[in-house]
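Chemist: Structure file run_19.pdb (PDB, C-alpha atoms) is given on the next line.
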```pdb
ATOM      1  CA  MET A 167     -76.349   3.315  57.662
ATOM      2  CA  THR A 168     -75.022  -0.254  57.498
ATOM      3  CA  TRP A 169     -71.334  -0.989  57.083
ATOM      4  CA  TYR A 170     -71.892  -2.226  53.537
ATOM      5  CA  GLU A 171     -73.816   0.886  52.509
ATOM      6  CA  THR A 172     -70.919   2.960  53.812
ATOM      7  CA  LEU A 173     -68.505   0.730  51.912
ATOM      8  CA  ASP A 174     -70.568   1.064  48.727
ATOM      9  CA  GLU A 175     -70.323   4.846  48.986
ATOM     10  CA  LYS A 176     -66.550   4.773  49.488
ATOM     11  CA  ILE A 177     -66.047   2.419  46.540
ATOM     12  CA  GLN A 178     -68.283   4.513  44.324
ATOM     13  CA  GLN A 179     -66.339   7.648  45.247
ATOM     14  CA  TYR A 180     -62.759   6.348  45.155
ATOM     15  CA  LEU A 181     -62.819   3.078  43.151
ATOM     16  CA  PRO A 182     -65.728   3.429  40.685
ATOM     17  CA  ASP A 183     -64.218   0.875  38.277
ATOM     18  CA  LEU A 184     -63.705  -1.817  40.925
ATOM     19  CA  PRO A 185     -65.766  -4.967  40.213
ATOM     20  CA  VAL A 186     -67.997  -5.673  43.231
ATOM     21  CA  GLU A 187     -70.716  -8.299  43.707
ATOM     22  CA  ARG A 188     -73.532  -8.080  46.248
ATOM     23  CA  GLU A 189     -74.654 -11.220  48.088
ATOM     24  CA  ALA A 190     -72.112 -13.226  46.089
ATOM     25  CA  PRO A 191     -72.585 -16.998  46.516
ATOM     26  CA  LEU A 192     -69.236 -18.216  47.833
ATOM     27  CA  SER A 193     -69.959 -21.771  46.716
ATOM     28  CA  ARG A 194     -69.006 -20.519  43.242
ATOM     29  CA  HIS A 195     -65.632 -19.334  44.483
ATOM     30  CA  THR A 196     -64.417 -22.242  46.629
ATOM     31  CA  SER A 197     -63.056 -25.597  45.491
ATOM     32  CA  PHE A 198     -65.352 -27.321  48.018
ATOM     33  CA  ARG A 199     -68.346 -25.732  46.199
ATOM     34  CA  ILE A 200     -69.704 -24.895  49.644
ATOM     35  CA  GLY A 201     -70.559 -21.541  51.199
ATOM     36  CA  GLY A 202     -73.393 -19.062  51.499
ATOM     37  CA  PRO A 203     -73.400 -15.485  50.191
ATOM     38  CA  ALA A 204     -70.824 -12.825  50.994
ATOM     39  CA  ARG A 205     -72.464  -9.498  51.801
ATOM     40  CA  ARG A 206     -69.957  -7.882  49.440
ATOM     41  CA  MET A 207     -67.244  -9.429  47.269
ATOM     42  CA  ALA A 208     -64.621  -7.309  45.537
ATOM     43  CA  PHE A 209     -62.108  -8.188  42.837
ATOM     44  CA  PRO A 210     -59.199  -5.720  43.020
ATOM     45  CA  GLN A 211     -57.137  -5.293  39.887
ATOM     46  CA  SER A 212     -53.995  -3.986  41.584
ATOM     47  CA  ARG A 213     -52.276  -3.874  44.931
ATOM     48  CA  GLU A 214     -53.210  -0.188  45.163
ATOM     49  CA  GLN A 215     -56.893  -1.084  44.994
ATOM     50  CA  LEU A 216     -56.370  -3.839  47.547
ATOM     51  CA  VAL A 217     -54.639  -1.446  49.955
ATOM     52  CA  LEU A 218     -57.488   1.065  49.598
ATOM     53  CA  LEU A 219     -60.088  -1.665  50.158
ATOM     54  CA  MET A 220     -58.383  -2.783  53.358
ATOM     55  CA  GLY A 221     -58.464   0.802  54.579
ATOM     56  CA  PHE A 222     -62.161   1.131  53.730
ATOM     57  CA  ALA A 223     -62.916  -2.112  55.600
ATOM     58  CA  GLU A 224     -61.138  -0.828  58.689
ATOM     59  CA  GLU A 225     -63.098   2.438  58.536
ATOM     60  CA  CYS A 226     -66.330   0.421  58.274
ATOM     61  CA  GLY A 227     -65.363  -1.659  61.316
ATOM     62  CA  ILE A 228     -65.186  -5.027  59.566
ATOM     63  CA  GLU A 229     -62.542  -7.736  59.176
ATOM     64  CA  PRO A 230     -62.431  -8.705  55.487
ATOM     65  CA  LEU A 231     -61.700 -12.220  54.253
ATOM     66  CA  ILE A 232     -58.885 -12.341  51.701
ATOM     67  CA  MET A 233     -59.041 -15.287  49.337
ATOM     68  CA  GLY A 234     -57.216 -16.475  46.251
ATOM     69  CA  ASN A 235     -58.589 -19.555  44.503
ATOM     70  CA  GLY A 236     -60.612 -20.601  47.561
ATOM     71  CA  THR A 237     -58.943 -24.008  47.593
ATOM     72  CA  ASN A 238     -58.330 -24.270  51.311
ATOM     73  CA  LEU A 239     -61.571 -22.793  52.649
ATOM     74  CA  LEU A 240     -64.723 -24.222  54.189
ATOM     75  CA  ILE A 241     -67.252 -21.400  54.451
ATOM     76  CA  ASP A 242     -70.411 -21.219  56.541
ATOM     77  CA  ASP A 243     -73.673 -22.189  54.841
ATOM     78  CA  GLU A 244     -75.261 -18.971  56.121
ATOM     79  CA  GLY A 245     -72.668 -16.887  54.327
ATOM     80  CA  LEU A 246     -70.458 -14.109  55.642
ATOM     81  CA  ASP A 247     -71.575 -10.685  56.796
ATOM     82  CA  THR A 248     -68.337  -9.085  55.687
ATOM     83  CA  LEU A 249     -66.305  -8.043  52.668
ATOM     84  CA  VAL A 250     -64.609 -10.858  50.784
ATOM     85  CA  ILE A 251     -61.661  -9.753  48.650
ATOM     86  CA  GLN A 252     -60.616 -12.146  45.904
ATOM     87  CA  THR A 253     -57.137 -11.646  44.461
ATOM     88  CA  SER A 254     -56.922 -14.484  41.944
ATOM     89  CA  ASP A 255     -59.277 -12.936  39.397
ATOM     90  CA  ARG A 256     -57.032 -10.011  38.418
ATOM     91  CA  MET A 257     -53.993  -9.703  40.711
ATOM     92  CA  ASN A 258     -52.086 -12.455  38.949
ATOM     93  CA  GLU A 259     -49.095 -11.119  37.030
ATOM     94  CA  VAL A 260     -45.750 -12.948  36.896
ATOM     95  CA  ARG A 261     -42.482 -11.213  36.017
ATOM     96  CA  GLN A 262     -38.944 -12.509  35.515
ATOM     97  CA  ILE A 263     -36.661  -9.985  37.218
ATOM     98  CA  SER A 264     -33.281 -11.713  36.798
ATOM     99  CA  ASP A 265     -31.837 -14.938  35.399
ATOM    100  CA  LEU A 266     -32.990 -16.995  38.370
ATOM    101  CA  GLU A 267     -35.653 -14.803  39.984
ATOM    102  CA  LEU A 268     -39.384 -14.424  39.475
ATOM    103  CA  GLU A 269     -41.744 -11.958  41.102
ATOM    104  CA  ALA A 270     -45.474 -12.621  41.140
ATOM    105  CA  ASP A 271     -48.686 -11.131  42.494
ATOM    106  CA  ALA A 272     -50.421 -12.939  45.342
ATOM    107  CA  GLY A 273     -53.370 -14.010  43.189
ATOM    108  CA  VAL A 274     -51.441 -16.013  40.586
ATOM    109  CA  SER A 275     -52.142 -19.740  40.774
ATOM    110  CA  LEU A 276     -49.250 -21.982  41.805
ATOM    111  CA  ALA A 277     -49.937 -24.127  38.746
ATOM    112  CA  ARG A 278     -49.518 -21.164  36.385
ATOM    113  CA  LEU A 279     -46.449 -19.975  38.267
ATOM    114  CA  ALA A 280     -44.819 -23.403  37.929
ATOM    115  CA  LEU A 281     -45.580 -23.467  34.196
ATOM    116  CA  PHE A 282     -44.118 -19.978  33.751
ATOM    117  CA  ALA A 283     -40.943 -21.078  35.541
ATOM    118  CA  MET A 284     -40.709 -24.171  33.345
ATOM    119  CA  GLN A 285     -41.029 -22.054  30.191
ATOM    120  CA  GLN A 286     -38.097 -19.922  31.357
ATOM    121  CA  GLY A 287     -36.008 -23.014  32.064
ATOM    122  CA  LEU A 288     -36.201 -22.505  35.834
ATOM    123  CA  SER A 289     -36.422 -25.449  38.228
ATOM    124  CA  GLY A 290     -37.627 -25.604  41.818
ATOM    125  CA  LEU A 291     -41.385 -25.195  41.478
ATOM    126  CA  GLU A 292     -42.191 -28.591  40.020
ATOM    127  CA  PHE A 293     -43.797 -29.686  43.301
ATOM    128  CA  ALA A 294     -46.238 -26.759  43.124
ATOM    129  CA  HIS A 295     -47.678 -27.564  39.704
ATOM    130  CA  GLY A 296     -50.478 -29.733  41.109
ATOM    131  CA  ILE A 297     -51.247 -27.589  44.160
ATOM    132  CA  PRO A 298     -54.544 -25.850  43.335
ATOM    133  CA  GLY A 299     -54.071 -22.712  45.447
ATOM    134  CA  SER A 300     -52.705 -19.246  44.784
ATOM    135  CA  LEU A 301     -49.270 -17.845  45.605
ATOM    136  CA  GLY A 302     -50.586 -15.745  48.494
ATOM    137  CA  GLY A 303     -52.193 -18.703  50.215
ATOM    138  CA  GLY A 304     -49.241 -20.921  49.353
ATOM    139  CA  VAL A 305     -46.817 -18.505  51.018
ATOM    140  CA  CYS A 306     -49.058 -17.963  54.048
ATOM    141  CA  MET A 307     -49.344 -21.681  54.796
ATOM    142  CA  ASN A 308     -45.983 -22.731  53.334
ATOM    143  CA  ALA A 309     -47.717 -25.037  50.884
ATOM    144  CA  GLY A 310     -45.844 -28.141  49.868
ATOM    145  CA  ALA A 311     -46.041 -31.543  48.230
ATOM    146  CA  TYR A 312     -43.748 -34.428  47.317
ATOM    147  CA  GLY A 313     -40.780 -33.143  49.285
ATOM    148  CA  GLY A 314     -41.012 -29.538  48.084
ATOM    149  CA  GLU A 315     -42.360 -26.492  49.903
ATOM    150  CA  MET A 316     -42.567 -22.750  49.375
ATOM    151  CA  LYS A 317     -39.897 -22.208  52.024
ATOM    152  CA  GLN A 318     -37.329 -23.581  49.570
ATOM    153  CA  VAL A 319     -37.982 -20.983  46.868
ATOM    154  CA  VAL A 320     -39.442 -17.831  48.468
ATOM    155  CA  SER A 321     -36.725 -15.211  48.978
ATOM    156  CA  GLU A 322     -38.840 -12.132  49.728
ATOM    157  CA  VAL A 323     -42.489 -11.353  50.485
ATOM    158  CA  GLU A 324     -44.286  -8.028  50.173
ATOM    159  CA  VAL A 325     -47.082  -7.708  52.730
ATOM    160  CA  LEU A 326     -49.643  -5.174  53.869
ATOM    161  CA  CYS A 327     -49.582  -4.765  57.655
ATOM    162  CA  PRO A 328     -51.766  -2.489  59.796
ATOM    163  CA  ASP A 329     -48.969   0.108  59.741
ATOM    164  CA  GLY A 330     -48.278  -0.066  56.008
ATOM    165  CA  ILE A 331     -46.465  -2.124  53.355
ATOM    166  CA  HIS A 332     -43.370  -4.071  54.375
ATOM    167  CA  ARG A 333     -40.978  -6.526  52.781
ATOM    168  CA  PHE A 334     -39.763  -9.601  54.632
ATOM    169  CA  SER A 335     -37.022 -11.999  53.624
ATOM    170  CA  GLY A 336     -37.732 -15.692  53.362
ATOM    171  CA  GLU A 337     -35.964 -16.214  56.684
ATOM    172  CA  GLU A 338     -37.998 -13.484  58.360
ATOM    173  CA  MET A 339     -41.202 -15.212  57.226
ATOM    174  CA  ALA A 340     -40.323 -18.008  59.705
ATOM    175  CA  PHE A 341     -41.620 -20.801  57.488
ATOM    176  CA  SER A 342     -42.424 -24.132  59.094
ATOM    177  CA  TYR A 343     -44.823 -26.976  58.327
ATOM    178  CA  ARG A 344     -48.037 -25.385  56.947
ATOM    179  CA  HIS A 345     -47.173 -22.184  58.773
ATOM    180  CA  SER A 346     -45.496 -18.807  58.369
ATOM    181  CA  LEU A 347     -45.278 -15.414  60.025
ATOM    182  CA  ALA A 348     -48.389 -14.442  58.042
ATOM    183  CA  SER A 349     -50.379 -17.269  59.652
ATOM    184  CA  ASP A 350     -50.328 -15.560  63.047
ATOM    185  CA  GLN A 351     -50.303 -11.862  62.276
ATOM    186  CA  LYS A 352     -52.566  -9.401  60.489
ATOM    187  CA  MET A 353     -50.784  -9.514  57.158
ATOM    188  CA  VAL A 354     -52.086  -9.482  53.610
ATOM    189  CA  ILE A 355     -49.608 -10.907  51.129
ATOM    190  CA  LEU A 356     -49.319  -8.689  48.050
ATOM    191  CA  SER A 357     -46.523 -10.380  46.107
ATOM    192  CA  ALA A 358     -43.523 -12.641  46.492
ATOM    193  CA  ARG A 359     -40.097 -13.039  44.945
ATOM    194  CA  LEU A 360     -38.820 -16.539  44.221
ATOM    195  CA  THR A 361     -35.248 -17.692  43.607
ATOM    196  CA  LEU A 362     -35.015 -20.803  41.425
ATOM    197  CA  GLN A 363     -32.326 -22.882  39.725
ATOM    198  CA  GLU A 364     -31.348 -23.183  36.104
ATOM    199  CA  GLY A 365     -32.879 -26.225  34.460
ATOM    200  CA  GLU A 366     -33.972 -27.731  31.176
ATOM    201  CA  ALA A 367     -37.586 -27.183  30.173
ATOM    202  CA  ALA A 368     -38.205 -30.743  28.946
ATOM    203  CA  SER A 369     -36.944 -32.385  32.139
ATOM    204  CA  ILE A 370     -38.842 -29.877  34.301
ATOM    205  CA  ARG A 371     -42.041 -30.649  32.387
ATOM    206  CA  ALA A 372     -41.426 -34.387  32.739
ATOM    207  CA  LYS A 373     -41.055 -34.016  36.513
ATOM    208  CA  MET A 374     -44.277 -31.993  36.754
ATOM    209  CA  GLU A 375     -46.157 -34.600  34.713
ATOM    210  CA  GLU A 376     -44.772 -37.371  36.913
ATOM    211  CA  LEU A 377     -45.944 -35.654  40.091
ATOM    212  CA  MET A 378     -49.346 -34.870  38.579
ATOM    213  CA  ALA A 379     -49.796 -38.532  37.629
ATOM    214  CA  LEU A 380     -49.013 -39.530  41.225
ATOM    215  CA  ARG A 381     -51.522 -36.982  42.480
ATOM    216  CA  LYS A 382     -54.294 -38.209  40.171
ATOM    217  CA  LYS A 383     -53.618 -41.812  41.137
ATOM    218  CA  SER A 384     -53.744 -41.234  44.890
ATOM    219  CA  GLN A 385     -56.127 -38.293  45.396
ATOM    220  CA  PRO A 386     -59.883 -37.882  44.712
ATOM    221  CA  LEU A 387     -59.438 -35.011  42.251
ATOM    222  CA  GLU A 388     -62.715 -35.902  40.524
ATOM    223  CA  TYR A 389     -64.713 -34.494  43.469
ATOM    224  CA  PRO A 390     -64.832 -31.001  44.995
ATOM    225  CA  SER A 391     -62.699 -30.749  48.121
ATOM    226  CA  ALA A 392     -60.253 -28.435  49.869
ATOM    227  CA  GLY A 393     -57.330 -30.797  49.401
ATOM    228  CA  SER A 394     -55.896 -32.554  52.435
ATOM    229  CA  THR A 395     -58.358 -31.989  55.248
ATOM    230  CA  PHE A 396     -55.856 -32.496  58.069
ATOM    231  CA  LYS A 397     -52.263 -31.566  58.708
ATOM    232  CA  ARG A 398     -49.788 -34.435  58.849
ATOM    233  CA  PRO A 399     -49.174 -35.396  62.488
ATOM    234  CA  GLU A 400     -45.503 -35.737  63.348
ATOM    235  CA  GLY A 401     -44.206 -39.206  62.583
ATOM    236  CA  ASN A 402     -47.441 -40.363  60.972
ATOM    237  CA  PHE A 403     -49.941 -39.778  58.153
ATOM    238  CA  ALA A 404     -53.480 -38.517  58.663
ATOM    239  CA  GLY A 405     -54.924 -40.739  55.925
ATOM    240  CA  THR A 406     -53.412 -43.877  57.466
ATOM    241  CA  LEU A 407     -54.675 -43.034  60.948
ATOM    242  CA  ILE A 408     -58.184 -42.351  59.630
ATOM    243  CA  GLU A 409     -58.254 -45.563  57.601
ATOM    244  CA  GLN A 410     -57.280 -47.523  60.711
ATOM    245  CA  THR A 411     -60.403 -46.240  62.477
ATOM    246  CA  GLY A 412     -62.642 -47.699  59.776
ATOM    247  CA  LEU A 413     -64.029 -44.296  58.770
ATOM    248  CA  LYS A 414     -62.845 -44.436  55.169
ATOM    249  CA  GLY A 415     -65.966 -43.972  53.042
ATOM    250  CA  ARG A 416     -68.011 -42.596  55.956
ATOM    251  CA  THR A 417     -70.681 -40.131  54.797
ATOM    252  CA  GLU A 418     -72.575 -37.277  56.398
ATOM    253  CA  GLY A 419     -75.151 -35.719  54.095
ATOM    254  CA  GLY A 420     -73.342 -34.946  50.850
ATOM    255  CA  ALA A 421     -69.867 -35.121  52.430
ATOM    256  CA  GLN A 422     -67.692 -38.214  52.551
ATOM    257  CA  VAL A 423     -64.343 -39.366  53.885
ATOM    258  CA  SER A 424     -62.893 -40.248  50.500
ATOM    259  CA  GLU A 425     -62.733 -43.922  49.603
ATOM    260  CA  LYS A 426     -59.655 -43.152  47.506
ATOM    261  CA  HIS A 427     -57.679 -41.272  50.180
ATOM    262  CA  ALA A 428     -58.996 -41.077  53.741
ATOM    263  CA  GLY A 429     -57.120 -37.828  54.343
ATOM    264  CA  PHE A 430     -59.595 -36.036  52.077
ATOM    265  CA  ILE A 431     -63.181 -35.123  52.878
ATOM    266  CA  ILE A 432     -65.016 -34.608  49.594
ATOM    267  CA  ASN A 433     -68.281 -33.111  48.405
ATOM    268  CA  ARG A 434     -70.138 -35.892  46.614
ATOM    269  CA  GLY A 435     -72.973 -33.493  45.810
ATOM    270  CA  GLY A 436     -74.935 -31.025  47.881
ATOM    271  CA  ALA A 437     -72.632 -31.170  50.903
ATOM    272  CA  THR A 438     -72.996 -28.376  53.445
ATOM    273  CA  CYS A 439     -70.453 -26.791  55.737
ATOM    274  CA  HIS A 440     -72.248 -28.545  58.613
ATOM    275  CA  ASP A 441     -71.850 -31.930  56.880
ATOM    276  CA  VAL A 442     -68.116 -31.450  56.470
ATOM    277  CA  GLU A 443     -67.584 -30.103  59.987
ATOM    278  CA  THR A 444     -69.522 -33.055  61.427
ATOM    279  CA  LEU A 445     -67.216 -35.478  59.610
ATOM    280  CA  ILE A 446     -64.124 -33.545  60.691
ATOM    281  CA  HIS A 447     -65.146 -33.813  64.358
ATOM    282  CA  GLU A 448     -66.065 -37.483  63.997
ATOM    283  CA  VAL A 449     -62.686 -38.262  62.435
ATOM    284  CA  GLN A 450     -60.827 -36.266  65.087
ATOM    285  CA  ASP A 451     -62.656 -38.072  67.886
ATOM    286  CA  ALA A 452     -62.088 -41.525  66.383
ATOM    287  CA  VAL A 453     -58.373 -40.979  65.768
ATOM    288  CA  TYR A 454     -57.870 -39.547  69.251
ATOM    289  CA  GLN A 455     -59.734 -42.420  70.875
ATOM    290  CA  SER A 456     -57.714 -45.052  68.996
ATOM    291  CA  ASN A 457     -54.276 -43.408  68.883
ATOM    292  CA  GLY A 458     -54.247 -40.469  71.283
ATOM    293  CA  ILE A 459     -53.386 -38.169  68.362
ATOM    294  CA  HIS A 460     -55.276 -34.941  67.735
ATOM    295  CA  LEU A 461     -55.625 -34.256  64.013
ATOM    296  CA  GLU A 462     -55.453 -30.542  63.272
ATOM    297  CA  PRO A 463     -57.496 -29.342  60.281
ATOM    298  CA  GLU A 464     -55.459 -28.006  57.392
ATOM    299  CA  VAL A 465     -58.573 -26.506  55.823
ATOM    300  CA  LYS A 466     -59.516 -23.056  57.136
ATOM    301  CA  ILE A 467     -63.078 -23.020  58.462
ATOM    302  CA  VAL A 468     -64.752 -19.602  58.226
ATOM    303  CA  HIS A 469     -67.979 -18.664  60.053
TER     304      HIS A 469
END
```
Kindly transcribe the structure held in the file into C-alpha cells.

Modeler:
Amino acid sequence: MTWYETLDEKIQQYLPDLPVEREAPLSRHTSFRIGGPARRMAFPQSREQLVLLMGFAEECGIEPLIMGNGTNLLIDDEGLDTLVIQTSDRMNEVRQISDLELEADAGVSLARLALFAMQQGLSGLEFAHGIPGSLGGGVCMNAGAYGGEMKQVVSEVEVLCPDGIHRFSGEEMAFSYRHSLASDQKMVILSARLTLQEGEAASIRAKMEELMALRKKSQPLEYPSAGSTFKRPEGNFAGTLIEQTGLKGRTEGGAQVSEKHAGFIINRGGATCHDVETLIHEVQDAVYQSNGIHLEPEVKIVH
C-alpha cells in the first residue's frame, strides 16, 4: 500500500469531515501561479486536526509541506509526492484577548490581521497590511516592510514540535532578518499572540493606505510573483545590485526580472519553476561576478 493510500484510510477513520484534494494543482494555491500537483492536499479546520494530520504524516513516513497563502513559495513543475497542508483556508480566526493584545491562528492573512487591529484602534501592524502572506509564514520568516517587522509585535508563539505543543516568547523565537527559531527547527506554527499600542483608527488607516500606495508605485503587483525574490544583502539592496548588472527586464520563458523593480522575478504568463530558477541563478552569478556579493533567495524553492 502506498503512503497516500494509508493516509486516506487514516483520514477516513479519524477525520472523515476533513477537506482533502487528490492531485491538487499547486499553481492554484501559490501567488506565483506555478507548481505541479500535490499527491494529497488537506485543509484543516482546527489546530487539533492539524496536529492529527502531522501525526498521520509521520506514521506514513512523509515530510508534509505546511503552507498558508503560498506567497513565498516556488514549487516544482512536476509537483510534490507528499501531503500539503494549507492553513489559510480555515485556520484563520483572530481574537482580542486584552486591551492591547490579539491572538490569531497561523492561517490568518497579515492583511486581515492588520485591518482587525485597526478596527480595534490598535497600532503596530500598519507595515503588515500590504504583505500578502499569512501569520504563520510571517512569524517563521520575521516578515517585514517599511521599517516594521513581526519581531516588534509578536509576544508569544504556539508551535507544534516533534515532542508536542509548546509556547515560546518573542525573545525565545530569536527573531532576526527574515529568520526565526522556526526557520531552522521542525516546528509548525499554530498561533501567535501580538502586543500592540493604542491608536486612533483613522490615523492607522491613513498610514496603511500610505504604505500601500508606496508598494503599488514601486512593486510589480499586477503580475504573479512571490514578492521580493532575494534577501537584502547587508549594506545594500538586491534590486539596485541587479539593475547595475543590466539584467532588469531579462526574461526566461514566461519569467522576467521585473522592469518595475529588479528585486522581483515575475510570472508574465506560463512561467515554470525551471524558468524562475534559471533567472535566479543567472542573477546570482551576475551580481557575484560584478560585486562579489552572493544574493540569497528569500523565496522558498520546493522540489

Chemist: Hey, which of A:Ser321, A:Thr248, A:Thr395, A:Thr411 ends up closest to A:Cys226? Count all atoms listed in the file.

Modeler: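 Smallest separation from A:Cys226 among the options: A:Thr248.
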
Chemist: May I ask which of the residues A:Glu324, A:Glu462, A:Glu175, A:Asp183 is the closest one to A:Lys397, counting all atoms listed in the file?

Modeler: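 Ranked by minimum distance to A:Lys397, first place goes to A:Glu462.
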
Chemist: Which is closest to A:Ala270 among A:Glu225, A:Glu315, A:Glu322, A:Glu338, if we use only C-alpha atoms?

Modeler: A:Glu322

Chemist: Select, counting all atoms listed in the file, all protein, DNA and RNA residues no farther than 12 Å from (-69.4, -26.0, 59.3) in file coordinates, and express the selection as a PyMOL selection string.

Modeler: chain A and resi 200-202+239-245+421+437-447+465-469

Chemist: Hey, what's within 7 Å of A:Val274 if we count all atoms listed in the file and toss same-chain stuff fewer than 6 positions away? As a PDB file with C-alpha atoms, in the coordinates of the input, please?

Modeler:
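Written file, part-v6.pdb:
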```
ATOM      1  CA  SER A 254     -56.922 -14.484  41.944  1.00  0.00           C
ATOM      2  CA  MET A 257     -53.993  -9.703  40.711  1.00  0.00           C
ATOM      3  CA  ASN A 258     -52.086 -12.455  38.949  1.00  0.00           C
ATOM      4  CA  GLU A 259     -49.095 -11.119  37.030  1.00  0.00           C
ATOM      5  CA  SER A 300     -52.705 -19.246  44.784  1.00  0.00           C
ATOM      6  CA  LEU A 301     -49.270 -17.845  45.605  1.00  0.00           C
TER       7      LEU A 301
END
```

Chemist: Can you measure atom CA of A:Pro210 to atom CA of A:Leu266 for me? One decimal in Å is fine.

Modeler: 28.9 Å

Chemist: Work out how far apart atom CA of A:Ile331 and atom CA of A:Ser357 are and give it in Å to one decimal.

Modeler: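 That distance, rounded to one decimal, is 11.0 Å.
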